[in-house]
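For reference, the structure is listed below as structure tokens.
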Amino acid sequence: MGVTEQADARIRRVLLRVAARQLGTHAESLVLPLEFLQKCKASDFPDPLEYEAWQTRNFKLLEAGVLVHPLIPLKKSDISAKRMRQIIHEAYAGQVETGRNSESMQRLHSAVMSLACRSLCETSDECHWADGFPFNLHIYKMLIEACFDVEEGTVVDEIDEIMELLKKTWPVFGITQMLHNIYFTWALFNHFIMLGQADNGLLSAMENLLVEVAEDAKITKDPDYCDVLSSTLNSIMGWEEKRLCAYHETFNTSNIYSMQYIISIGISAAKILLEDVSYEYHSGTNRDIDVVRTRIETYIKSSLCKAFAQKMEEADSNRSSINCTPVLSILAKETTELAIKEKNVYSPILKKWHPFAAGVAVATLHGCFGNELKKFIVGLTVLTPDTVQVLKAADKLEKNLVHIALEDSMDVDDRGKSVVRQMPPYETGTVLANLVKAWGREQLDKLKIWTDQNLQQETWNPKDNNRDSFAPSSVEMLHIIEETLDALFRLSVPINSTLFSDLTAGLDKCLHYYISKVKTGCGTRSTLFPQLPHLTRCDVGSKLFKKNEKPQFLMRRGSQVGSTTGNEASSLRGLCLRINTIYYIQTELGNLHVKMKERLQQNVELAQPDIADGLNINFGLSQVACQEGIRQLCETTAYMVMFNDLSHFLLDTLYVGGPASNRILPLLKELGPILRIISATVHNKVQNRLITALMKASFDGFLLVLLAGGPTRAFSCQDYQVIEDDFRALRGLYLSYCDGLPEELVGKASSEVKNILPLLRTDTETLIERFKQLISGSYEPTANSRFPMPPVPARWSPDNPNTILRVLCYRNDETATKFLKKTYDLPKTL
């Protein structure tokens, strides 16, 4: 224990003095550090510094045992504790005399005895200065060192006599047999490590002692005991796991015998912690098996992964060329040798705890090599001799590993099938198809990048494009798709239906992406249609415009029709070019389908027989995108023309100041050039679709002027004929231009306007009465007897109260304005 002969003699003299003075006193009723401070003199020490160290050590023992780690917790208000802290603080500063009769020592003695004599049992005369947790254990750990030879570290021959002496200290330190078992286990473990892990006798003794520790843990749930047990076993397991998780580095033929002891100790410690300390599990055979097998599998997987990583480094350093491909061939051979060594050296030991030890090992190696093989395959784009060599080596390795797994499990019920299921096949035979798939993905990625780059460069100006007025990028896009399909056949690899379907589906997605980019940023009906202004009533009897008053526009005036300034991509011509581009793609999709079938039939030696006839190659995503894209662009173009390019003639001018003064003729004159541009630019198969969209937008705009034209417009019943004539003129434009649209189509598109116009000639009283009937049938009157404001409908209708209310708002007579004032208190202006 490191006690010199001089120190031993000094301590014995002090103990004799104590015994002589307090004859018959039990050791448990003494506070030894206090006695040492009182009985020892400076003359007992040859060196003053040694005397100071002795005093300091005993003060620290008192402080730790009575103040810091007392058996019975102290109260914050304890006077003796405060007095003792003050005395010890003075002692550390050298201000305390330790003579027996000194005032400081008497004060210290009084405080210490007051604290140390506190007991859970009123009749006890024990002094508690060394049995507080964990202070007592730290002292006892030093005493246990007496069980070991100082120089050799082995257990001394007099172990039984020393154990008897140690037991005599248990009442002083509050030690029990269970705590002793834990600390002696730790001491055996610690000395095994200090002796270079060569004394298996220590491990054997430790293994036996852990059996007693396990029994102790089952019968007590004392929190202090569990803390010590948990800390000790976790430390042991930490060391044990570090070595067993790399047992290929730790053990070889020279020390393989100790491996089974270390495994046994680690398993025992794990089971104690899991079953007896954590309280989460009940002890039982099945649970024991789970704990054991889980830990053994952890050791095997961790150690083999590390060993495999080392083999990888060796294989990489032994490669014979700059090309890294042969490395996997070398690694496959090294992995086979590693599996054989595992089977012959380590598995016989591990099999004691895990019946599938060798199977777990080869499954781990199978997975390690499989991960590297996957990385290798991901980087391949073409087949080479090195690639073939690697694939053959991988196939041979896999067969060897599966053989070891099955051979190791011959006497088990499932004969190793469960282990083999944990080894997903490398499927080297399918790697070739995977290479082609990877190549296909690369082509698709390049095509998408190309799409982004080329669409950014498109000017969407018909003058810069071919005579057919569609974007050159669309021609190039379809050409690249054909080239990709040709390249697939030039690879001279077997083509199955799945492979071909995946590639064509990818090309379909790329083409769909191109189509979506063509229409991106052009706007939609909702973004182009102006917001409705707030409702107002007419100012009856006054002029609509005062002098120098400017009309209030619904929206900003757009560029002039046919203008070449501004953003050409969003101009009428630019939008027409986009429509042509999507229509060109739509027509070419059918040709592309035919070409693909022909190529499949021409390459029957590569393609499976059922592909050309049974595979449905229709580019479905692109077909739908073309149809929707043309519809959306036609609608966008129409609303852009009506509510942006022609907003001055429609929204800003039509019927402003009175229907007779600003009629529809200027708008019709502007629509003529637009129709000519459409006829000259848009493919004749799509012209009518765009003109139909323009017609619908013009009717929507006409109704917008009548029902939401703002305070600059007012109508009387006498204006009906003028408005109806203008409506007929607008319809006639679409019926008569070039070949004209079908009567049925024009009639359907204009039906909403046709249904609304009769409201303009209906007298105000009738309109008010109809409005009241509709609103009363749909809504409850409010508290102030006013009608609620009806919401704006999705479509205008003569039977909709909001539509009738708007006609009244623009009705230029006193009856309407009084009704609106009384019912909704509408203002005269915005």
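Identifiers in this document derive from the order of the structure tokens: chains are assigned A, B, ..., residues are numbered from 1 separately in each chain, and ligands are numbered from 1 in order of occurrence.
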Can you pull out every residue within 12 Å of region 261-264 of chain A, counting only C-alpha atoms, but drop anything in the same chain fewer than 4 positions away, and send it as number ranges by chain?
A: 189, 192-193, 197-208, 210-211, 236-245, 247, 250-251, 255-257, 268-271, 292-293, 295-300, 346, 349-354
Contacts of Ala794 (chain A) at 12 Å (only C-alpha atoms; same-chain gap of 5+ positions) as JSON, numbers by chain
{"A": [700, 752, 800, 802, 803]}
For the selection you just gave me, I'd like the residues written to a file as an mmCIF file, in the first residue's frame, keeping C-alpha atoms.
```cif
data_model
loop_
_atom_site.group_PDB
_atom_site.id
_atom_site.type_symbol
_atom_site.label_atom_id
_atom_site.label_comp_id
_atom_site.auth_asym_id
_atom_site.auth_seq_id
_atom_site.Cartn_x
_atom_site.Cartn_y
_atom_site.Cartn_z
ATOM 1 C CA ASP A 700 -65.245 38.427 -71.225
ATOM 2 C CA GLU A 752 -73.129 34.569 -71.498
ATOM 3 C CA ASN A 800 -77.635 36.158 -60.198
ATOM 4 C CA ASN A 802 -74.658 40.329 -58.020
ATOM 5 C CA THR A 803 -75.071 40.603 -61.801
#
```
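Take CA of Lys375 (chain A) and CA of Asp445 (chain A): the distance between them is 19.9 Å.
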Considering only alpha helix (DSSP H) as DSSP defines it on the backbone, what residues of region 155-274 of chain A qualify? List them as JSON, numbers by chain.
{"A": [159, 160, 161, 162, 163, 164, 165, 166, 167, 168, 169, 170, 171, 172, 173, 177, 178, 179, 180, 181, 182, 183, 184, 185, 186, 187, 188, 189, 190, 191, 192, 193, 194, 200, 201, 202, 203, 204, 205, 206, 207, 208, 209, 210, 211, 212, 213, 214, 215, 216, 217, 218, 219, 223, 224, 225, 226, 227, 228, 229, 230, 231, 232, 233, 234, 235, 236, 237, 238, 239, 240, 241, 242, 243, 244, 247, 248, 249, 250, 256, 257, 258, 259, 260, 261, 262, 263, 264, 265, 266, 267, 268, 269, 270, 271]}
With a distance cut-off of 9 Å and only C-alpha atoms, select the neighbouring residues of region 787-793 of chain A, excluding the residue or stretch itself and same-chain residues fewer than 4 positions from it, and output the selection as a ChimeraX atom specification.
/A:772,775-776,779-782,797,800-803,805,823-824
Please identify all polymer residues within 12 Å of Thr430 (chain A), counting only C-alpha atoms, omitting same-chain residues fewer than 3 positions from it, and present them as a PDB file with N, CA and C atoms, in the first residue's frame.
```pdb
ATOM      1  N   ILE A 377     -19.298  -0.368 -59.187  1.00  0.00           N
ATOM      2  CA  ILE A 377     -20.286  -0.436 -60.267  1.00  0.00           C
ATOM      3  C   ILE A 377     -20.834   0.946 -60.591  1.00  0.00           C
ATOM      4  N   LEU A 391     -15.675  -8.638 -61.708  1.00  0.00           N
ATOM      5  CA  LEU A 391     -16.971  -9.297 -61.566  1.00  0.00           C
ATOM      6  C   LEU A 391     -16.810 -10.799 -61.337  1.00  0.00           C
ATOM      7  N   ASP A 395     -17.856 -12.863 -57.967  1.00  0.00           N
ATOM      8  CA  ASP A 395     -18.732 -14.032 -58.026  1.00  0.00           C
ATOM      9  C   ASP A 395     -18.107 -15.220 -57.293  1.00  0.00           C
ATOM     10  N   PRO A 425     -27.613 -11.263 -52.813  1.00  0.00           N
ATOM     11  CA  PRO A 425     -26.692 -11.633 -53.901  1.00  0.00           C
ATOM     12  C   PRO A 425     -26.085 -10.411 -54.582  1.00  0.00           C
ATOM     13  N   TYR A 426     -24.826 -10.580 -55.012  1.00  0.00           N
ATOM     14  CA  TYR A 426     -24.163  -9.523 -55.785  1.00  0.00           C
ATOM     15  C   TYR A 426     -24.810  -9.351 -57.154  1.00  0.00           C
ATOM     16  N   GLU A 427     -25.374 -10.441 -57.678  1.00  0.00           N
ATOM     17  CA  GLU A 427     -26.035 -10.430 -58.984  1.00  0.00           C
ATOM     18  C   GLU A 427     -25.141  -9.819 -60.056  1.00  0.00           C
ATOM     19  N   ALA A 433     -26.743  -4.923 -67.245  1.00  0.00           N
ATOM     20  CA  ALA A 433     -27.965  -4.147 -67.441  1.00  0.00           C
ATOM     21  C   ALA A 433     -27.946  -2.872 -66.601  1.00  0.00           C
ATOM     22  N   ASN A 434     -27.384  -2.974 -65.397  1.00  0.00           N
ATOM     23  CA  ASN A 434     -27.287  -1.789 -64.544  1.00  0.00           C
ATOM     24  C   ASN A 434     -26.365  -0.737 -65.165  1.00  0.00           C
ATOM     25  N   LEU A 435     -25.321  -1.213 -65.823  1.00  0.00           N
ATOM     26  CA  LEU A 435     -24.419  -0.275 -66.501  1.00  0.00           C
ATOM     27  C   LEU A 435     -25.166   0.492 -67.590  1.00  0.00           C
ATOM     28  N   VAL A 436     -25.991  -0.226 -68.313  1.00  0.00           N
ATOM     29  CA  VAL A 436     -26.754   0.435 -69.368  1.00  0.00           C
ATOM     30  C   VAL A 436     -27.747   1.430 -68.755  1.00  0.00           C
ATOM     31  N   LYS A 437     -28.356   1.051 -67.642  1.00  0.00           N
ATOM     32  CA  LYS A 437     -29.278   1.972 -66.975  1.00  0.00           C
ATOM     33  C   LYS A 437     -28.551   3.230 -66.506  1.00  0.00           C
ATOM     34  N   VAL A 493     -25.735  -4.468 -76.238  1.00  0.00           N
ATOM     35  CA  VAL A 493     -26.035  -5.198 -75.004  1.00  0.00           C
ATOM     36  C   VAL A 493     -27.467  -5.701 -75.091  1.00  0.00           C
ATOM     37  N   PRO A 494     -27.802  -6.795 -74.404  1.00  0.00           N
ATOM     38  CA  PRO A 494     -29.184  -7.288 -74.423  1.00  0.00           C
ATOM     39  C   PRO A 494     -30.152  -6.235 -73.898  1.00  0.00           C
ATOM     40  N   ILE A 495     -31.247  -6.085 -74.594  1.00  0.00           N
ATOM     41  CA  ILE A 495     -32.244  -5.075 -74.228  1.00  0.00           C
ATOM     42  C   ILE A 495     -33.531  -5.789 -73.850  1.00  0.00           C
ATOM     43  N   ASN A 496     -33.963  -5.612 -72.602  1.00  0.00           N
ATOM     44  CA  ASN A 496     -35.234  -6.198 -72.179  1.00  0.00           C
ATOM     45  C   ASN A 496     -36.289  -5.098 -72.076  1.00  0.00           C
ATOM     46  N   LEU A 499     -35.679  -2.417 -69.295  1.00  0.00           N
ATOM     47  CA  LEU A 499     -34.618  -1.473 -69.652  1.00  0.00           C
ATOM     48  C   LEU A 499     -35.131  -0.447 -70.659  1.00  0.00           C
TER      49      LEU A 499
END
```
Env of region 815-821 of chain A: 9 Å cut, atoms = only C-alpha atoms, seq-sep filter 2 positions within chain, self excluded. Answer as a compact mmCIF listing (two decimals) with C-alpha atoms, in the first residue's frame.
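around-v9.txt written:
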```txt
# COMPACT_ATOMS: atom_id res chain seq x y z
CA THR A 536 -70.24 52.76 -57.10
CA ARG A 537 -73.49 54.43 -58.18
CA CYS A 538 -74.06 56.91 -60.95
CA ASP A 539 -74.14 60.63 -60.27
CA VAL A 540 -77.56 61.31 -61.82
CA THR A 764 -85.07 50.00 -63.22
CA GLU A 765 -88.12 49.18 -61.08
CA ILE A 768 -84.92 46.29 -58.34
CA LEU A 805 -76.84 44.76 -58.78
CA LEU A 808 -78.24 48.90 -61.35
CA CYS A 809 -74.91 50.42 -60.34
CA TYR A 810 -74.33 51.47 -63.95
CA ARG A 811 -77.99 52.45 -64.55
CA ASN A 812 -78.09 56.17 -65.21
CA ASP A 813 -81.36 57.15 -63.48
CA THR A 823 -79.66 49.74 -49.54
CA TYR A 824 -75.84 49.70 -49.60
CA ASP A 825 -74.83 53.33 -49.14
CA LEU A 826 -72.66 53.05 -52.25
CA PRO A 827 -70.47 56.06 -53.09
CA LYS A 828 -70.60 57.94 -56.41
```
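When CA of Gly196 (chain A) is paired with CA of Gly153 (chain A), their separation reads 10.5 Å.
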Give me the residues within 12 Å of Leu665 (chain A) as a PDB file with N, CA and C atoms, in the first residue's frame, counting only C-alpha atoms and dropping any in the same chain fewer than 4 places off.
```pdb
ATOM      1  N   PHE A 649     -58.241  50.368 -75.866  1.00  0.00           N
ATOM      2  CA  PHE A 649     -59.464  50.398 -76.669  1.00  0.00           C
ATOM      3  C   PHE A 649     -60.623  49.702 -75.956  1.00  0.00           C
ATOM      4  N   LEU A 650     -60.311  48.761 -75.082  1.00  0.00           N
ATOM      5  CA  LEU A 650     -61.369  48.031 -74.396  1.00  0.00           C
ATOM      6  C   LEU A 650     -61.654  48.625 -73.024  1.00  0.00           C
ATOM      7  N   THR A 653     -61.431  52.982 -72.973  1.00  0.00           N
ATOM      8  CA  THR A 653     -62.159  53.852 -73.898  1.00  0.00           C
ATOM      9  C   THR A 653     -63.598  53.407 -74.139  1.00  0.00           C
ATOM     10  N   LEU A 654     -63.833  52.115 -74.331  1.00  0.00           N
ATOM     11  CA  LEU A 654     -65.143  51.631 -74.738  1.00  0.00           C
ATOM     12  C   LEU A 654     -66.232  52.081 -73.759  1.00  0.00           C
ATOM     13  N   TYR A 655     -67.225  52.867 -74.295  1.00  0.00           N
ATOM     14  CA  TYR A 655     -68.403  53.360 -73.576  1.00  0.00           C
ATOM     15  C   TYR A 655     -68.076  54.342 -72.463  1.00  0.00           C
ATOM     16  N   PRO A 659     -72.329  55.403 -74.239  1.00  0.00           N
ATOM     17  CA  PRO A 659     -72.154  54.399 -75.292  1.00  0.00           C
ATOM     18  C   PRO A 659     -72.094  54.983 -76.684  1.00  0.00           C
ATOM     19  N   ALA A 660     -72.821  56.074 -76.912  1.00  0.00           N
ATOM     20  CA  ALA A 660     -72.857  56.618 -78.272  1.00  0.00           C
ATOM     21  C   ALA A 660     -71.537  57.250 -78.685  1.00  0.00           C
ATOM     22  N   SER A 661     -70.757  57.731 -77.713  1.00  0.00           N
ATOM     23  CA  SER A 661     -69.544  58.476 -78.052  1.00  0.00           C
ATOM     24  C   SER A 661     -68.320  57.586 -78.256  1.00  0.00           C
ATOM     25  N   LYS A 669     -61.206  47.401 -85.186  1.00  0.00           N
ATOM     26  CA  LYS A 669     -60.139  47.744 -86.127  1.00  0.00           C
ATOM     27  C   LYS A 669     -58.782  47.231 -85.625  1.00  0.00           C
ATOM     28  N   GLU A 670     -58.592  47.267 -84.307  1.00  0.00           N
ATOM     29  CA  GLU A 670     -57.327  46.782 -83.755  1.00  0.00           C
ATOM     30  C   GLU A 670     -57.264  45.255 -83.752  1.00  0.00           C
ATOM     31  N   LEU A 671     -58.420  44.624 -83.633  1.00  0.00           N
ATOM     32  CA  LEU A 671     -58.429  43.160 -83.640  1.00  0.00           C
ATOM     33  C   LEU A 671     -58.084  42.601 -85.019  1.00  0.00           C
ATOM     34  N   GLY A 672     -58.371  43.352 -86.061  1.00  0.00           N
ATOM     35  CA  GLY A 672     -58.072  42.885 -87.419  1.00  0.00           C
ATOM     36  C   GLY A 672     -56.608  42.551 -87.622  1.00  0.00           C
ATOM     37  N   VAL A 722     -77.600  50.336 -79.004  1.00  0.00           N
ATOM     38  CA  VAL A 722     -76.202  50.613 -79.373  1.00  0.00           C
ATOM     39  C   VAL A 722     -75.297  49.469 -78.907  1.00  0.00           C
ATOM     40  N   ILE A 723     -75.517  49.041 -77.664  1.00  0.00           N
ATOM     41  CA  ILE A 723     -74.670  47.974 -77.104  1.00  0.00           C
ATOM     42  C   ILE A 723     -74.917  46.659 -77.833  1.00  0.00           C
ATOM     43  N   ASP A 725     -75.921  46.297 -80.920  1.00  0.00           N
ATOM     44  CA  ASP A 725     -75.297  46.397 -82.244  1.00  0.00           C
ATOM     45  C   ASP A 725     -73.799  46.156 -82.164  1.00  0.00           C
ATOM     46  N   ASP A 726     -73.187  46.731 -81.135  1.00  0.00           N
ATOM     47  CA  ASP A 726     -71.740  46.511 -80.980  1.00  0.00           C
ATOM     48  C   ASP A 726     -71.438  45.045 -80.718  1.00  0.00           C
ATOM     49  N   PHE A 727     -72.288  44.406 -79.912  1.00  0.00           N
ATOM     50  CA  PHE A 727     -72.082  42.978 -79.633  1.00  0.00           C
ATOM     51  C   PHE A 727     -72.192  42.145 -80.912  1.00  0.00           C
ATOM     52  N   ARG A 728     -73.188  42.482 -81.747  1.00  0.00           N
ATOM     53  CA  ARG A 728     -73.330  41.767 -83.011  1.00  0.00           C
ATOM     54  C   ARG A 728     -72.123  41.979 -83.910  1.00  0.00           C
ATOM     55  N   ALA A 729     -71.600  43.185 -83.868  1.00  0.00           N
ATOM     56  CA  ALA A 729     -70.404  43.469 -84.677  1.00  0.00           C
ATOM     57  C   ALA A 729     -69.210  42.651 -84.189  1.00  0.00           C
ATOM     58  N   LEU A 730     -69.102  42.524 -82.861  1.00  0.00           N
ATOM     59  CA  LEU A 730     -68.007  41.726 -82.300  1.00  0.00           C
ATOM     60  C   LEU A 730     -68.165  40.264 -82.680  1.00  0.00           C
ATOM     61  N   LEU A 733     -67.288  39.671 -86.339  1.00  0.00           N
ATOM     62  CA  LEU A 733     -65.858  39.636 -86.661  1.00  0.00           C
ATOM     63  C   LEU A 733     -65.350  38.199 -86.683  1.00  0.00           C
TER      64      LEU A 733
END
```
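Among the candidates A:Leu694, A:Val156, A:Ile756, A:Met178, the one nearest to Thr220 (chain A) when counting only C-alpha atoms is A:Met178.
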Mind dumping a table of every region 572-685 of chain A residue within 8 Å of region 465-485 of chain A, with the nearest atom pair and its distance in Å to one decimal, using only C-alpha atoms, sorted by chain and rising number, as CSV?
```
residue,atom,partner,partner_atom,distance
A:Leu577,CA,A:Phe470,CA,5.4
A:Arg578,CA,A:Phe470,CA,6.9
A:Asn580,CA,A:Phe470,CA,5.3
A:Thr581,CA,A:Phe470,CA,4.5
A:Tyr584,CA,A:Phe470,CA,7.2
A:Ile585,CA,A:Ser474,CA,6.9
A:Leu592,CA,A:Glu482,CA,7.6
A:Met596,CA,A:Leu485,CA,7.7
A:Thr681,CA,A:Ser469,CA,6.7
A:Val682,CA,A:Ser469,CA,7.6
```
Write the residues you've just listed into a file as an mmCIF file, in the first residue's frame, and include N, CA, C and O atoms for each of them.
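Full text of again-v7.cif as output:
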```
data_model
loop_
_atom_site.group_PDB
_atom_site.id
_atom_site.type_symbol
_atom_site.label_atom_id
_atom_site.label_comp_id
_atom_site.auth_asym_id
_atom_site.auth_seq_id
_atom_site.Cartn_x
_atom_site.Cartn_y
_atom_site.Cartn_z
ATOM 1 N N LEU A 577 -45.178 31.785 -81.467
ATOM 2 C CA LEU A 577 -44.049 30.891 -81.742
ATOM 3 C C LEU A 577 -44.002 29.752 -80.714
ATOM 4 O O LEU A 577 -43.715 28.598 -81.057
ATOM 5 N N ARG A 578 -44.301 30.037 -79.470
ATOM 6 C CA ARG A 578 -44.326 28.998 -78.435
ATOM 7 C C ARG A 578 -45.428 27.972 -78.727
ATOM 8 O O ARG A 578 -45.240 26.772 -78.542
ATOM 9 N N ASN A 580 -46.647 27.220 -81.675
ATOM 10 C CA ASN A 580 -46.180 26.417 -82.810
ATOM 11 C C ASN A 580 -45.169 25.363 -82.373
ATOM 12 O O ASN A 580 -45.175 24.226 -82.863
ATOM 13 N N THR A 581 -44.293 25.750 -81.440
ATOM 14 C CA THR A 581 -43.244 24.839 -80.974
ATOM 15 C C THR A 581 -43.856 23.615 -80.291
ATOM 16 O O THR A 581 -43.470 22.472 -80.568
ATOM 17 N N TYR A 584 -45.549 21.461 -82.859
ATOM 18 C CA TYR A 584 -44.566 20.701 -83.650
ATOM 19 C C TYR A 584 -44.127 19.446 -82.881
ATOM 20 O O TYR A 584 -44.043 18.345 -83.450
ATOM 21 N N ILE A 585 -43.860 19.606 -81.577
ATOM 22 C CA ILE A 585 -43.474 18.442 -80.760
ATOM 23 C C ILE A 585 -44.597 17.416 -80.735
ATOM 24 O O ILE A 585 -44.371 16.208 -80.856
ATOM 25 N N LEU A 592 -41.884 9.699 -83.866
ATOM 26 C CA LEU A 592 -40.867 9.116 -82.990
ATOM 27 C C LEU A 592 -41.282 7.713 -82.544
ATOM 28 O O LEU A 592 -40.451 6.803 -82.468
ATOM 29 N N MET A 596 -39.051 4.242 -83.267
ATOM 30 C CA MET A 596 -38.573 3.348 -82.203
ATOM 31 C C MET A 596 -38.983 1.903 -82.481
ATOM 32 O O MET A 596 -38.200 0.974 -82.275
ATOM 33 N N THR A 681 -48.749 33.560 -88.551
ATOM 34 C CA THR A 681 -47.713 33.003 -87.660
ATOM 35 C C THR A 681 -48.059 31.614 -87.154
ATOM 36 O O THR A 681 -47.216 30.713 -87.149
ATOM 37 N N VAL A 682 -49.277 31.408 -86.736
ATOM 38 C CA VAL A 682 -49.649 30.163 -86.063
ATOM 39 C C VAL A 682 -49.978 29.093 -87.105
ATOM 40 O O VAL A 682 -50.573 29.370 -88.144
#
```
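Restricting the calculation to only C-alpha atoms, the smallest distance between Gln106 (chain A) and any of A:Glu35, A:Glu744, A:Asp719, A:Asp763 is found for A:Glu35.
Of the residues under consideration (A:Phe702, A:Tyr92, A:Phe173, A:Phe148), A:Phe702 shows the shortest atom-to-atom contact distance to Lys754 (chain A) when counting only C-alpha atoms.
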Between A:Thr335, A:Asp486, A:Asn234, A:Lys822, smallest distance to Gln602 (chain A) by only C-alpha atoms belongs to A:Asp486
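Pairwise distance (CA of Ser622 (chain A), CA of Ser526 (chain A)) equals 24.6 Å.
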